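Structure data (mmCIF, C-alpha atoms) from coords00.cif:
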data_upload
loop_
_atom_site.group_PDB
_atom_site.id
_atom_site.type_symbol
_atom_site.label_atom_id
_atom_site.label_comp_id
_atom_site.auth_asym_id
_atom_site.auth_seq_id
_atom_site.Cartn_x
_atom_site.Cartn_y
_atom_site.Cartn_z
ATOM 1 C CA MET A 1 -16.526 -62.495 30.646
ATOM 2 C CA GLN A 2 -16.664 -59.212 28.747
ATOM 3 C CA VAL A 3 -16.182 -60.224 25.118
ATOM 4 C CA GLN A 4 -15.319 -58.098 22.089
ATOM 5 C CA LEU A 5 -15.174 -59.658 18.640
ATOM 6 C CA ALA A 6 -14.342 -58.533 15.131
ATOM 7 C CA GLY A 7 -14.246 -60.237 11.754
ATOM 8 C CA HIS A 8 -13.304 -59.296 8.221
ATOM 9 C CA ALA A 9 -13.767 -61.371 5.055
ATOM 10 C CA GLN A 10 -10.738 -61.789 2.816
ATOM 11 C CA ARG A 11 -12.538 -59.912 0.004
ATOM 12 C CA PRO A 12 -15.435 -57.440 0.114
ATOM 13 C CA ASP A 13 -17.375 -59.556 -2.392
ATOM 14 C CA ALA A 14 -16.807 -62.851 -0.549
ATOM 15 C CA GLU A 15 -18.603 -64.462 2.378
ATOM 16 C CA SER A 16 -16.355 -65.091 5.358
ATOM 17 C CA GLU A 17 -15.763 -68.723 6.229
ATOM 18 C CA ASP A 18 -14.863 -67.752 9.797
ATOM 19 C CA PHE A 19 -17.507 -67.647 12.523
ATOM 20 C CA ALA A 20 -17.437 -66.345 16.089
ATOM 21 C CA THR A 21 -20.042 -66.163 18.824
ATOM 22 C CA ALA A 22 -20.044 -65.697 22.580
ATOM 23 C CA SER A 23 -22.118 -65.500 25.740
ATOM 24 C CA PRO A 24 -21.088 -64.088 29.147
ATOM 25 C CA GLU A 25 -19.692 -67.506 30.083
ATOM 26 C CA ALA A 26 -18.448 -69.038 26.821
ATOM 27 C CA LEU A 27 -16.952 -68.234 23.433
ATOM 28 C CA VAL A 28 -16.470 -70.068 20.150
ATOM 29 C CA LEU A 29 -14.363 -69.282 17.079
ATOM 30 C CA LEU A 30 -14.316 -71.391 13.918
ATOM 31 C CA ASP A 31 -12.103 -71.019 10.861
ATOM 32 C CA GLY A 32 -13.550 -72.860 7.885
ATOM 33 C CA SER A 33 -11.206 -74.881 5.723
ATOM 34 C CA SER A 34 -11.131 -73.141 2.339
ATOM 35 C CA SER A 35 -10.877 -75.100 -0.898
ATOM 36 C CA PRO A 36 -9.150 -74.113 -4.131
ATOM 37 C CA ALA A 37 -11.565 -72.915 -6.808
ATOM 38 C CA GLY A 38 -13.248 -75.759 -8.622
ATOM 39 C CA MET A 39 -12.559 -78.471 -6.028
ATOM 40 C CA GLU A 40 -15.644 -80.605 -5.386
ATOM 41 C CA SER A 41 -16.813 -81.054 -1.791
ATOM 42 C CA GLY A 42 -19.696 -83.510 -1.986
ATOM 43 C CA CYS A 43 -21.814 -80.968 -0.078
ATOM 44 C CA ARG A 44 -24.463 -78.664 -1.502
ATOM 45 C CA HIS A 45 -24.271 -76.262 1.456
ATOM 46 C CA GLY A 46 -20.679 -75.024 1.620
ATOM 47 C CA THR A 47 -18.182 -74.076 4.297
ATOM 48 C CA ALA A 48 -19.818 -70.823 5.455
ATOM 49 C CA TRP A 49 -23.085 -72.686 6.093
ATOM 50 C CA TYR A 50 -21.222 -75.374 8.009
ATOM 51 C CA VAL A 51 -19.232 -73.127 10.344
ATOM 52 C CA ARG A 52 -22.284 -71.106 11.358
ATOM 53 C CA ARG A 53 -24.285 -74.151 12.307
ATOM 54 C CA LEU A 54 -21.419 -75.941 14.020
ATOM 55 C CA GLY A 55 -20.566 -72.785 15.974
ATOM 56 C CA VAL A 56 -24.115 -72.241 17.214
ATOM 57 C CA HIS A 57 -24.525 -75.892 18.199
ATOM 58 C CA LEU A 58 -21.203 -75.886 20.009
ATOM 59 C CA LEU A 59 -22.029 -72.755 22.023
ATOM 60 C CA ALA A 60 -25.393 -74.261 22.985
ATOM 61 C CA ARG A 61 -23.821 -77.507 24.172
ATOM 62 C CA MET A 62 -21.106 -75.680 26.127
ATOM 63 C CA THR A 63 -23.622 -73.522 27.976
ATOM 64 C CA ASP A 64 -26.328 -76.106 28.708
ATOM 65 C CA ARG A 65 -24.295 -79.297 29.282
ATOM 66 C CA SER A 66 -21.864 -78.660 32.113
ATOM 67 C CA ASP A 67 -21.986 -82.418 32.781
ATOM 68 C CA ARG A 68 -20.115 -83.061 29.525
ATOM 69 C CA ASP A 69 -16.522 -82.020 29.014
ATOM 70 C CA ILE A 70 -15.707 -79.563 26.262
ATOM 71 C CA ALA A 71 -14.463 -82.218 23.821
ATOM 72 C CA GLU A 72 -17.704 -84.141 24.290
ATOM 73 C CA CYS A 73 -19.611 -80.917 23.594
ATOM 74 C CA LEU A 74 -17.710 -80.551 20.314
ATOM 75 C CA ALA A 75 -18.406 -84.176 19.395
ATOM 76 C CA ASP A 76 -22.120 -83.608 20.058
ATOM 77 C CA ALA A 77 -22.105 -80.435 17.943
ATOM 78 C CA ILE A 78 -20.326 -82.178 15.045
ATOM 79 C CA ALA A 79 -22.900 -85.000 15.098
ATOM 80 C CA GLU A 80 -25.829 -82.552 15.269
ATOM 81 C CA THR A 81 -24.454 -80.496 12.376
ATOM 82 C CA ALA A 82 -23.803 -83.608 10.283
ATOM 83 C CA ALA A 83 -27.459 -84.565 10.704
ATOM 84 C CA LEU A 84 -28.519 -81.227 9.187
ATOM 85 C CA HIS A 85 -26.822 -81.970 5.860
ATOM 86 C CA GLY A 86 -29.433 -84.460 4.736
ATOM 87 C CA GLY A 87 -29.050 -87.361 2.352
ATOM 88 C CA ARG A 88 -27.986 -85.242 -0.630
ATOM 89 C CA CYS A 89 -24.558 -84.469 0.890
ATOM 90 C CA ASP A 90 -21.671 -86.950 0.774
ATOM 91 C CA LEU A 91 -20.154 -86.565 4.240
ATOM 92 C CA ALA A 92 -17.543 -89.227 3.465
ATOM 93 C CA HIS A 93 -16.053 -86.996 0.767
ATOM 94 C CA PRO A 94 -12.511 -85.950 1.830
ATOM 95 C CA ASN A 95 -13.370 -82.315 1.053
ATOM 96 C CA THR A 96 -16.616 -82.194 3.012
ATOM 97 C CA PRO A 97 -16.885 -78.833 4.841
ATOM 98 C CA ALA A 98 -14.602 -78.628 7.863
ATOM 99 C CA ALA A 99 -13.248 -76.120 10.362
ATOM 100 C CA MET A 100 -10.606 -75.311 12.937
ATOM 101 C CA VAL A 101 -12.099 -74.738 16.393
ATOM 102 C CA VAL A 102 -11.288 -72.616 19.432
ATOM 103 C CA ALA A 103 -13.684 -72.772 22.379
ATOM 104 C CA ALA A 104 -13.585 -71.737 26.029
ATOM 105 C CA ARG A 105 -16.076 -71.578 28.873
ATOM 106 C CA LYS A 106 -16.269 -70.855 32.558
ATOM 107 C CA HIS A 107 -16.513 -74.128 34.446
ATOM 108 C CA GLY A 108 -16.771 -73.593 38.183
ATOM 109 C CA ARG A 109 -13.686 -71.683 39.246
ATOM 110 C CA SER A 110 -11.776 -72.577 36.088
ATOM 111 C CA LEU A 111 -11.678 -71.779 32.408
ATOM 112 C CA GLU A 112 -12.062 -74.912 30.307
ATOM 113 C CA TYR A 113 -10.657 -74.651 26.781
ATOM 114 C CA LEU A 114 -10.370 -76.578 23.513
ATOM 115 C CA VAL A 115 -8.325 -75.937 20.373
ATOM 116 C CA LEU A 116 -8.368 -78.064 17.215
ATOM 117 C CA GLY A 117 -6.302 -77.041 14.202
ATOM 118 C CA ASP A 118 -4.243 -73.956 13.390
ATOM 119 C CA SER A 119 -6.404 -71.313 15.049
ATOM 120 C CA LEU A 120 -5.038 -70.020 18.353
ATOM 121 C CA LEU A 121 -6.119 -69.404 21.935
ATOM 122 C CA VAL A 122 -3.928 -66.932 23.810
ATOM 123 C CA LEU A 123 -4.204 -66.868 27.605
ATOM 124 C CA GLU A 124 -3.065 -63.729 29.424
ATOM 125 C CA PRO A 125 -2.207 -64.614 33.038
ATOM 126 C CA SER A 126 -2.368 -62.205 35.949
ATOM 127 C CA SER A 127 1.416 -62.319 35.942
ATOM 128 C CA GLY A 128 3.961 -63.706 33.539
ATOM 129 C CA PRO A 129 4.033 -64.141 29.754
ATOM 130 C CA PRO A 130 1.034 -65.145 27.615
ATOM 131 C CA ARG A 131 0.432 -68.798 26.889
ATOM 132 C CA VAL A 132 -0.352 -69.646 23.262
ATOM 133 C CA ILE A 133 -2.362 -72.822 22.589
ATOM 134 C CA GLY A 134 -3.107 -74.262 19.166
ATOM 135 C CA ASP A 135 -1.654 -74.911 15.720
ATOM 136 C CA ASN A 136 -1.514 -78.457 17.043
ATOM 137 C CA GLN A 137 -2.442 -80.385 13.899
ATOM 138 C CA GLU A 138 0.613 -79.926 11.723
ATOM 139 C CA PHE A 139 0.994 -81.770 8.432
ATOM 140 C CA SER A 140 4.745 -82.247 8.264
ATOM 141 C CA ALA A 141 4.580 -84.400 5.118
ATOM 142 C CA GLY A 142 3.150 -81.441 3.228
ATOM 143 C CA GLU A 143 5.570 -78.744 4.401
ATOM 144 C CA SER A 144 7.843 -78.939 1.350
ATOM 145 C CA LEU A 145 4.851 -78.843 -0.988
ATOM 146 C CA LEU A 146 3.458 -75.797 0.841
ATOM 147 C CA ARG A 147 6.803 -74.023 0.520
ATOM 148 C CA SER A 148 6.751 -74.725 -3.216
ATOM 149 C CA VAL A 149 3.328 -73.038 -3.389
ATOM 150 C CA TRP A 150 4.756 -69.956 -1.693
ATOM 151 C CA GLN A 151 7.756 -69.865 -4.044
ATOM 152 C CA ALA A 152 5.658 -69.977 -7.228
ATOM 153 C CA GLU A 153 4.573 -66.641 -8.675
ATOM 154 C CA LEU A 154 1.182 -65.444 -7.484
ATOM 155 C CA GLY A 155 -1.546 -65.720 -10.105
ATOM 156 C CA THR A 156 0.227 -68.270 -12.297
ATOM 157 C CA ALA A 157 -1.078 -71.641 -13.426
ATOM 158 C CA GLU A 158 1.937 -73.244 -11.720
ATOM 159 C CA ARG A 159 0.972 -71.828 -8.342
ATOM 160 C CA ALA A 160 -2.674 -72.834 -8.787
ATOM 161 C CA ALA A 161 -1.650 -76.395 -9.672
ATOM 162 C CA LEU A 162 0.691 -76.648 -6.687
ATOM 163 C CA HIS A 163 -1.985 -75.254 -4.369
ATOM 164 C CA LEU A 164 -4.414 -77.886 -5.620
ATOM 165 C CA ARG A 165 -1.818 -80.633 -5.083
ATOM 166 C CA TYR A 166 -1.262 -79.454 -1.518
ATOM 167 C CA ALA A 167 -4.998 -79.256 -0.783
ATOM 168 C CA LEU A 168 -5.564 -82.762 -2.142
ATOM 169 C CA ALA A 169 -2.627 -84.125 -0.131
ATOM 170 C CA VAL A 170 -3.982 -82.675 3.127
ATOM 171 C CA ARG A 171 -7.503 -83.916 2.491
ATOM 172 C CA ALA A 172 -6.311 -87.409 1.643
ATOM 173 C CA VAL A 173 -4.983 -87.915 5.176
ATOM 174 C CA ARG A 174 -6.877 -85.606 7.513
ATOM 175 C CA ASN A 175 -9.148 -87.300 10.051
ATOM 176 C CA THR A 176 -7.643 -90.689 9.131
ATOM 177 C CA GLY A 177 -4.974 -90.988 11.817
ATOM 178 C CA ASP A 178 -2.237 -90.335 9.253
ATOM 179 C CA GLY A 179 -2.656 -86.559 9.129
ATOM 180 C CA PRO A 180 -4.216 -83.597 10.895
ATOM 181 C CA TRP A 181 -7.581 -83.734 12.632
ATOM 182 C CA ILE A 182 -10.252 -81.137 11.934
ATOM 183 C CA ALA A 183 -13.928 -80.702 12.803
ATOM 184 C CA ALA A 184 -15.833 -82.123 9.825
ATOM 185 C CA ALA A 185 -18.466 -84.888 9.816
ATOM 186 C CA SER A 186 -16.973 -87.360 12.295
ATOM 187 C CA PRO A 187 -17.366 -86.670 16.049
ATOM 188 C CA LYS A 188 -14.164 -88.690 16.570
ATOM 189 C CA ALA A 189 -12.101 -85.625 15.626
ATOM 190 C CA ALA A 190 -13.085 -83.912 18.887
ATOM 191 C CA GLY A 191 -11.035 -86.446 20.814
ATOM 192 C CA HIS A 192 -7.873 -85.129 19.143
ATOM 193 C CA ALA A 193 -8.333 -81.525 20.261
ATOM 194 C CA GLU A 194 -6.018 -79.920 22.805
ATOM 195 C CA THR A 195 -8.021 -79.331 25.986
ATOM 196 C CA GLY A 196 -7.386 -78.185 29.536
ATOM 197 C CA PHE A 197 -8.331 -76.065 32.528
ATOM 198 C CA VAL A 198 -6.873 -72.850 33.957
ATOM 199 C CA ARG A 199 -7.960 -71.258 37.222
ATOM 200 C CA LEU A 200 -9.944 -68.086 36.577
ATOM 201 C CA ASP A 201 -8.237 -66.191 39.397
ATOM 202 C CA ARG A 202 -4.930 -66.630 37.566
ATOM 203 C CA LEU A 203 -6.160 -65.124 34.288
ATOM 204 C CA ARG A 204 -6.557 -61.503 33.259
ATOM 205 C CA ALA A 205 -7.867 -62.018 29.729
ATOM 206 C CA LEU A 206 -7.863 -64.349 26.747
ATOM 207 C CA ALA A 207 -8.021 -64.056 22.979
ATOM 208 C CA ALA A 208 -9.083 -66.409 20.190
ATOM 209 C CA LEU A 209 -7.813 -65.816 16.663
ATOM 210 C CA SER A 210 -8.284 -67.471 13.299
ATOM 211 C CA ASP A 211 -5.041 -67.911 11.366
ATOM 212 C CA GLY A 212 -5.947 -64.890 9.245
ATOM 213 C CA ALA A 213 -5.883 -62.722 12.383
ATOM 214 C CA SER A 214 -2.896 -64.415 14.010
ATOM 215 C CA ARG A 215 -0.824 -63.278 11.013
ATOM 216 C CA TYR A 216 -0.256 -60.161 13.145
ATOM 217 C CA THR A 217 2.319 -62.113 15.163
ATOM 218 C CA GLU A 218 2.791 -65.454 13.442
ATOM 219 C CA ARG A 219 3.393 -64.312 9.860
ATOM 220 C CA PHE A 220 4.028 -60.548 9.797
ATOM 221 C CA ALA A 221 5.758 -60.127 13.193
ATOM 222 C CA LEU A 222 4.034 -56.777 13.711
ATOM 223 C CA GLY A 223 4.343 -57.336 17.443
ATOM 224 C CA ASP A 224 4.751 -60.134 19.972
ATOM 225 C CA TRP A 225 1.834 -61.637 21.868
ATOM 226 C CA PRO A 226 1.989 -59.152 24.767
ATOM 227 C CA ALA A 227 1.768 -56.364 22.173
ATOM 228 C CA ALA A 228 -1.145 -58.067 20.410
ATOM 229 C CA LEU A 229 -3.047 -58.467 23.670
ATOM 230 C CA ARG A 230 -2.333 -54.866 24.640
ATOM 231 C CA LEU A 231 -3.597 -53.631 21.261
ATOM 232 C CA MET A 232 -6.833 -55.572 21.635
ATOM 233 C CA ALA A 233 -7.295 -54.437 25.235
ATOM 234 C CA GLU A 234 -6.817 -50.773 24.351
ATOM 235 C CA THR A 235 -8.561 -50.482 20.974
ATOM 236 C CA GLY A 236 -10.340 -53.788 20.369
ATOM 237 C CA PRO A 237 -9.738 -56.813 18.126
ATOM 238 C CA GLY A 238 -10.789 -54.830 15.064
ATOM 239 C CA ALA A 239 -7.631 -52.741 15.413
ATOM 240 C CA LEU A 240 -5.468 -55.865 15.264
ATOM 241 C CA ILE A 241 -7.225 -57.032 12.096
ATOM 242 C CA ALA A 242 -6.773 -53.560 10.573
ATOM 243 C CA ARG A 243 -3.020 -53.806 11.163
ATOM 244 C CA VAL A 244 -2.999 -57.214 9.467
ATOM 245 C CA ARG A 245 -4.830 -55.794 6.464
ATOM 246 C CA GLU A 246 -2.318 -52.933 6.208
ATOM 247 C CA ALA A 247 0.547 -55.434 6.079
ATOM 248 C CA GLU A 248 -1.231 -57.526 3.450
ATOM 249 C CA GLU A 249 -1.868 -54.453 1.290
ATOM 250 C CA ALA A 250 1.813 -53.526 1.542
ATOM 251 C CA ASP A 251 2.800 -56.975 0.207
ATOM 252 C CA PRO A 252 0.181 -57.858 -2.432
ATOM 253 C CA ARG A 253 2.469 -60.328 -4.236
ATOM 254 C CA CYS A 254 3.265 -62.336 -1.083
ATOM 255 C CA GLU A 255 6.991 -61.675 -1.584
ATOM 256 C CA ARG A 256 8.073 -60.074 1.688
ATOM 257 C CA TRP A 257 5.902 -62.457 3.711
ATOM 258 C CA PRO A 258 5.405 -65.734 1.781
ATOM 259 C CA ARG A 259 1.913 -67.156 2.287
ATOM 260 C CA SER A 260 -0.750 -69.110 0.450
ATOM 261 C CA LYS A 261 -2.949 -66.134 -0.382
ATOM 262 C CA PRO A 262 -2.580 -62.348 -0.099
ATOM 263 C CA HIS A 263 -5.608 -61.973 2.195
ATOM 264 C CA ASP A 264 -7.434 -64.386 4.452
ATOM 265 C CA ASP A 265 -10.634 -64.271 6.462
ATOM 266 C CA ALA A 266 -9.620 -62.777 9.804
ATOM 267 C CA THR A 267 -11.560 -63.076 13.065
ATOM 268 C CA ALA A 268 -10.528 -62.295 16.628
ATOM 269 C CA LEU A 269 -12.209 -62.332 20.036
ATOM 270 C CA TYR A 270 -10.840 -60.656 23.151
ATOM 271 C CA ALA A 271 -12.349 -61.416 26.557
ATOM 272 C CA ARG A 272 -11.627 -59.757 29.894
ATOM 273 C CA LEU A 273 -12.145 -61.942 32.952
#
Write-out of the structure in structure tokens:
Amino acid sequence: MQVQLAGHAQRPDAESEDFATASPEALVLLDGSSSPAGMESGCRHGTAWYVRRLGVHLLARMTDRSDRDIAECLADAIAETAALHGGRCDLAHPNTPAAMVVAARKHGRSLEYLVLGDSLLVLEPSSGPPRVIGDNQEFSAGESLLRSVWQAELGTAERAALHLRYALAVRAVRNTGDGPWIAAASPKAAGHAETGFVRLDRLRALAALSDGASRYTERFALGDWPAALRLMAETGPGALIARVREAEEADPRCERWPRSKPHDDATALYARL
């Protein structure tokens, strides 16, 4: 694989909670689960720390353990990262650091993939339309509450309170069997990822995008997926993120395109096969 990657933090003064890494035969993208300001996590390290260590462990397992399927590699990486926290972190806390995951690797004559959460993997076949995989852990019980967040005026106490209510509602049920699954402290979450194989000779390219980057198509409708793939092929994933940032700057109050926050960490990888 020939891999290009780009990432951009939501604010110049903030550390990105996305993480991406790749080798010639594998790639990993993680989108850390952000918390509202002031919400306790039980962890002294934080989300950025977590995604970097989980991402590196996952890439290592994917490249040196071809005998284990990709979900097992994620389970191993989650367990290894949990062990790094030490006894001062409460990994049973519902807001312990967590992340969405996209991963893919060459496996014989196939591409093996995994997606957990609302980040996306986009497969570009040699012929036919792209196939979009991901956003597979919806929280339908919280949809009305999320819409109420979007309808409240940006920057108000009402919106902050609603955002906190939504965040608490998600965290109360995730990784319990009653809500979405996400990579956190329990290896069991890996078993709920969407996984599969695609023959390499049927693929032209693939892309992995955090939800901040997938706003290009999913939120702002700046182009369809063929257009997004073409943009990344011609000018790189950084160009797609730049277009997202332009749209965000044009709608700073989240009025034209309702969303939880004006800007988000945005990361994208594009790989030619």
ask   = Quick one, how far is CA of Ala104 (chain A) from CA of Ile70 (chain A)?
value =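 These two atoms are separated by 8.1 Å.
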inquiry  = Which residues, named as in the file, does the PyMOL selection byres ((chain A and resi 77-87) around 7) pick out? Answer as a ChimeraX atom specification.
reply    = /A:53-54,57-58,73-76,88-89,183-187
query = Do you have the CA of Asp178 (chain A)-CA of Ala193 (chain A) distance handy?
reply =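 Between CA of Asp178 (chain A) and CA of Ala193 (chain A) the gap is 15.4 Å.
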ask   = What gap, in Å, lies between CA of Ala268 (chain A) and CA of Arg131 (chain A)?
value = 16.4 Å
task = Up to 9 Å from (-17.3, -87.1, -0.1) in the file's coordinates: name the residues, counting all atoms listed in the file, as an MDAnalysis selection string.
result = chainID A and resid 40:43 89:96
ask   = Skipping near chain neighbours, those fewer than 2 positions away, what residues fall within 9 Å of region 261-266 of chain A using all atoms listed in the file, listed as a ChimeraX atom specification?
value = /A:6-11,15-18,31,150,154,209-215,241,244-245,248-249,251-254,258-259,268
task = Fewer than 4 positions away in the same chain doesn't count, so skip those; otherwise give me all residues within 12 Å of Ala37 (chain A), counting all atoms listed in the file, as a PyMOL selection string.
result = chain A and resi 41+160-161+163-164+167
